[in-house]
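> Here it is: the structure, laid out below.
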Amino acid sequence: GFVAKAVANPWDKPMTPAPGAPQSIGKYTAGCVVGAHALKDGEVGLIHMRPQRRRNFGHPNLVEFIRGLGRHFHSNKLGTVLVGDLGLVRGGPTITNHVSHQSGLDVDIWFEVAPLTAVIPMAERRARHMSSFVDNAARKLQERFGLAQDELVRYSAKQPEVERIFVSAPVKAKLCANAEGDRSWLAKVRPWYGHRDHLHVRLRCPTDSTLCQSQKPIPDGDGCDDTLKWWMRGRAFWQLKPRDPNKPRRSPRLPKQCAALLKG
């Protein structure tokens with residue numbers, strides 16, 4: 001395999017997508033992407049935050065999913081979706097902030113929803129941080145987690161191309177308590193450490209990305225069971241010890257096909 005250096009991240013250097021038909025290669029946590037598309041400014045119902053990171057690229061399936069979410073929120077007058085990181089222009093490790101987001105199939109969506117006609121100045125887009133929607137002391141959601149936040153998760157989970165959605169356990173608990181009718185989409189919503197200020201949407205491997213490696217299948221059931229209770233109690237509820245975002249992670253061992261993406 002091929003190991004990227006950890007300090008000066010070589011995946012930050014490419015400025016254009018790797019040429020070729022779109023392909024997600026490797027794992028979500030150890031991969032790269034060919035033919036990535038950019039989520040551009042001016043998309044209906046969307047504002048991309050922290051653009052200076054240049055993490056606005058992904059497989060076309062991911063970009064189309066995000067566009068669909070923006071159109072859904074705009075047409076239903078739910079507000080403007082604030083989009084966090086996708087991945088780098090050729091994927092690969094971001095070194096800071098994420099373990100995954102490497103194969104062009106992951107995106108962070110802020111729980112904060114801006115007004116329908118919001119215009120956020122570039123300086124604010126570059127500097128603004130996400131804010132938590134979870135009351136840690138009470139182990140429940142803040143009251144401001146409302147219909148728009150519910151719909152971010154619900155809409156995303158119902159899209160067939162979505163594999164999983166990671167959220168804080170109280171988000172899952174609220175959805176479990178309130179879901180009516182078909183509850184099958186709830187299975188995709190998985191509790192995970194942190195994720196108190198955003199949902200992390202992960203798409204399934206595209207059918208024509210033969211080198212893309214999927215995760216293990218989601219367990220049977222809707223997940224509103226003892227597994228959720230485990231997340232809601234004890235240390236599992238709390239976010240892992242915060243990392244220094246400027247401290248590099250060790251880069252994973254990537255598929256050998258990724259090495260060529262740094263040379264072109």
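Residue numbering restarts at 1 for every chain of the structure tokens, chains are lettered A, B, ... in their displayed order, and ligands are numbered from 1 as they appear.
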Produce a table with one row for each residue of stretch 18-89 of chain A that has an atom at most 10 Å from any atom of stretch 130-142 of chain A, each row naming the nearest atom pair and its distance in Å at one decimal; use only C-alpha atoms; arrange rows by chain and rising residue number; format as a tab-separated table.

```
residue	atom	partner	partner_atom	distance
A:Met49	CA	A:Met130	CA	9.5
A:Leu82	CA	A:Met130	CA	9.6
A:Gly84	CA	A:Met130	CA	9.0
```
> If DSSP is run on the backbone, what residues of stretch 9-231 of chain A are strand (DSSP E)? A reply as a short mmCIF file (atom, residue, chain, number, x, y, z; two decimals) with C-alpha atoms, in the first residue's frame would be ideal.

```
data_model
loop_
_atom_site.label_atom_id
_atom_site.label_comp_id
_atom_site.auth_asym_id
_atom_site.auth_seq_id
_atom_site.Cartn_x
_atom_site.Cartn_y
_atom_site.Cartn_z
CA GLN A 23 -14.54 6.75 -8.98
CA SER A 24 -14.51 6.43 -5.21
CA ILE A 25 -11.49 4.33 -4.23
CA GLY A 26 -10.84 2.54 -0.95
CA LYS A 27 -12.47 3.04 2.42
CA ALA A 30 -8.52 5.37 3.80
CA GLY A 31 -9.21 6.31 0.20
CA CYS A 32 -9.26 8.85 -2.59
CA VAL A 33 -11.51 9.97 -5.45
CA VAL A 34 -11.15 10.39 -9.21
CA HIS A 37 -17.14 17.48 -8.57
CA ALA A 38 -17.16 20.77 -6.65
CA LEU A 46 -27.11 26.11 0.34
CA ILE A 47 -24.18 28.04 1.83
CA HIS A 48 -20.79 26.33 2.10
CA PHE A 57 -15.28 18.28 -3.40
CA GLY A 58 -16.83 14.85 -3.63
CA THR A 80 -30.92 27.70 4.02
CA VAL A 81 -28.73 24.67 4.68
CA LEU A 82 -25.21 25.35 5.97
CA VAL A 83 -22.81 22.81 4.51
CA ASP A 106 -18.97 12.00 3.31
CA VAL A 107 -20.37 15.44 4.16
CA ASP A 108 -21.06 17.36 7.37
CA ILE A 109 -24.30 19.36 7.50
CA TRP A 110 -24.68 21.95 10.25
CA PHE A 111 -27.72 21.62 12.50
CA GLU A 112 -27.94 25.40 12.44
CA VAL A 113 -30.22 26.42 9.57
CA ALA A 114 -30.00 29.97 8.23
CA VAL A 134 -27.33 19.22 22.89
CA ASP A 135 -27.68 20.08 26.58
CA LYS A 140 -31.16 15.97 26.02
CA LEU A 141 -31.58 18.20 23.01
CA VAL A 162 -27.41 7.40 1.81
CA GLU A 163 -25.67 4.62 3.72
CA ARG A 164 -25.47 6.05 7.24
CA ILE A 165 -25.97 9.26 9.20
CA PHE A 166 -24.00 9.92 12.38
CA VAL A 167 -25.61 12.07 15.09
CA VAL A 189 -29.33 7.13 11.81
CA ARG A 190 -26.48 5.96 14.06
CA PRO A 191 -25.45 7.47 17.41
CA HIS A 198 -23.98 18.61 12.88
CA LEU A 199 -25.07 15.46 11.10
CA HIS A 200 -22.50 13.48 9.16
CA VAL A 201 -24.04 11.98 6.02
CA ARG A 202 -22.29 9.05 4.34
CA LEU A 203 -23.28 7.72 0.93
#
```
> A:Cys258, A:Ala127, A:Val63, A:Val119: which is nearest A:Cys212, counting only C-alpha atoms?
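Among the listed residues, A:Cys258 lies closest to A:Cys212.
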> Got a sec to tell me which of stretch 31-202 of chain A DSSP assigns to helix (DSSP H, G or I), as a PyMOL selection string?
chain A and resi 51-53+60-75+122-127+147-157+169-178+184-188
> For the selection just defined, write its residues with C-alpha atoms to a file, as a tab-separated table (two decimals), in the first residue's frame.

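This is the output file selection.tsv:
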```tsv
chain	number	residue	atom	x	y	z
A	51	PRO	CA	-14.45	27.55	2.31
A	52	GLN	CA	-10.79	28.30	2.98
A	53	ARG	CA	-10.30	24.61	3.75
A	60	PRO	CA	-20.87	13.52	-8.15
A	61	ASN	CA	-23.40	11.42	-6.21
A	62	LEU	CA	-22.50	13.33	-3.04
A	63	VAL	CA	-22.72	16.75	-4.67
A	64	GLU	CA	-26.10	15.88	-6.19
A	65	PHE	CA	-27.38	14.66	-2.82
A	66	ILE	CA	-26.40	17.99	-1.20
A	67	ARG	CA	-28.00	19.97	-4.03
A	68	GLY	CA	-31.19	17.97	-3.57
A	69	LEU	CA	-31.20	18.75	0.14
A	70	GLY	CA	-30.79	22.46	-0.60
A	71	ARG	CA	-33.63	22.45	-3.14
A	72	HIS	CA	-35.87	20.57	-0.70
A	73	PHE	CA	-35.30	23.12	2.06
A	74	HIS	CA	-35.68	26.07	-0.30
A	75	SER	CA	-38.88	24.88	-2.00
A	122	MET	CA	-17.27	35.63	3.24
A	123	ALA	CA	-15.36	36.74	6.33
A	124	GLU	CA	-18.07	35.24	8.54
A	125	ARG	CA	-18.24	32.05	6.47
A	126	ARG	CA	-14.52	31.62	6.97
A	127	ALA	CA	-14.53	32.23	10.72
A	147	LEU	CA	-38.67	20.96	12.69
A	148	ALA	CA	-35.84	22.10	10.41
A	149	GLN	CA	-33.28	19.99	12.27
A	150	ASP	CA	-35.64	17.00	12.27
A	151	GLU	CA	-36.07	17.38	8.53
A	152	LEU	CA	-32.32	17.57	7.87
A	153	VAL	CA	-31.97	14.07	9.29
A	154	ARG	CA	-35.26	12.65	8.07
A	155	TYR	CA	-34.88	13.81	4.45
A	156	SER	CA	-31.28	12.64	4.30
A	157	ALA	CA	-32.00	9.21	5.76
A	169	ALA	CA	-27.46	10.05	20.76
A	170	PRO	CA	-30.17	12.52	21.90
A	171	VAL	CA	-30.91	13.28	18.24
A	172	LYS	CA	-31.54	9.62	17.55
A	173	ALA	CA	-33.65	9.35	20.71
A	174	LYS	CA	-35.90	12.23	19.64
A	175	LEU	CA	-36.40	10.77	16.18
A	176	CYS	CA	-37.20	7.36	17.67
A	177	ALA	CA	-39.82	8.90	19.94
A	178	ASN	CA	-41.53	10.95	17.25
A	184	SER	CA	-37.24	1.90	8.25
A	185	TRP	CA	-35.18	5.04	7.59
A	186	LEU	CA	-34.33	5.27	11.30
A	187	ALA	CA	-31.91	2.37	10.94
A	188	LYS	CA	-29.54	4.60	8.97
```
> Pick the closest to A:Gly45 from A:Gly20, A:Pro14, A:Gly79, A:Pro206: which is it, counting only C-alpha atoms?
A:Gly79
> Can you list, as a ChimeraX atom specification, every protein, DNA or RNA residue that comes within 10 Å of A:Arg54 when you count only C-alpha atoms, leaving out same-chain residues fewer than 4 positions away?
/A:12,15,38,50,85-89
> Could you save those same residues with N, CA and C atoms as a JSON list (two decimals), in the first residue's frame?

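What follows is the written file out-v4.json:
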```json
[["chain", "number", "residue", "atom", "x", "y", "z"],
["A", 12, "ASP", "N", -3.31, 18.08, 0.34],
["A", 12, "ASP", "CA", -3.71, 19.48, 0.30],
["A", 12, "ASP", "C", -3.21, 20.20, -0.95],
["A", 15, "MET", "N", -4.83, 20.99, -6.93],
["A", 15, "MET", "CA", -5.83, 22.05, -7.07],
["A", 15, "MET", "C", -6.95, 21.69, -8.04],
["A", 38, "ALA", "N", -17.19, 19.74, -7.69],
["A", 38, "ALA", "CA", -17.16, 20.77, -6.65],
["A", 38, "ALA", "C", -18.58, 21.19, -6.29],
["A", 50, "ARG", "N", -16.71, 27.63, 5.93],
["A", 50, "ARG", "CA", -15.27, 27.38, 6.05],
["A", 50, "ARG", "C", -14.64, 27.05, 4.70],
["A", 85, "ASP", "N", -17.73, 20.42, 5.77],
["A", 85, "ASP", "CA", -16.74, 19.78, 4.91],
["A", 85, "ASP", "C", -17.31, 18.62, 4.11],
["A", 86, "LEU", "N", -16.91, 18.58, 2.83],
["A", 86, "LEU", "CA", -17.02, 17.36, 2.03],
["A", 86, "LEU", "C", -15.62, 16.73, 2.12],
["A", 87, "GLY", "N", -14.83, 16.82, 1.03],
["A", 87, "GLY", "CA", -13.47, 16.32, 1.06],
["A", 87, "GLY", "C", -12.59, 17.17, 0.19],
["A", 88, "LEU", "N", -11.31, 16.82, 0.13],
["A", 88, "LEU", "CA", -10.36, 17.51, -0.72],
["A", 88, "LEU", "C", -10.57, 17.14, -2.19],
["A", 89, "VAL", "N", -9.94, 17.88, -3.07],
["A", 89, "VAL", "CA", -10.22, 17.77, -4.50],
["A", 89, "VAL", "C", -9.91, 16.37, -5.06]]
```
> In Å, with one decimal, what is the gap from atom CA of A:Lys77 to atom CA of A:Glu161?
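Straight-line distance from atom CA of A:Lys77 to atom CA of A:Glu161 works out to 24.1 Å.
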> Considering only C-alpha atoms, can you say which of A:Lys229, A:Pro121, A:Ile95, A:Arg204 comes closest to A:Pro252?
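Among the listed residues, the smallest separation from A:Pro252 belongs to A:Ile95.
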> Using atom CA of A:His98 and atom CA of A:Trp192 as the two end points, give the distance in Å to one decimal.
13.8 Å
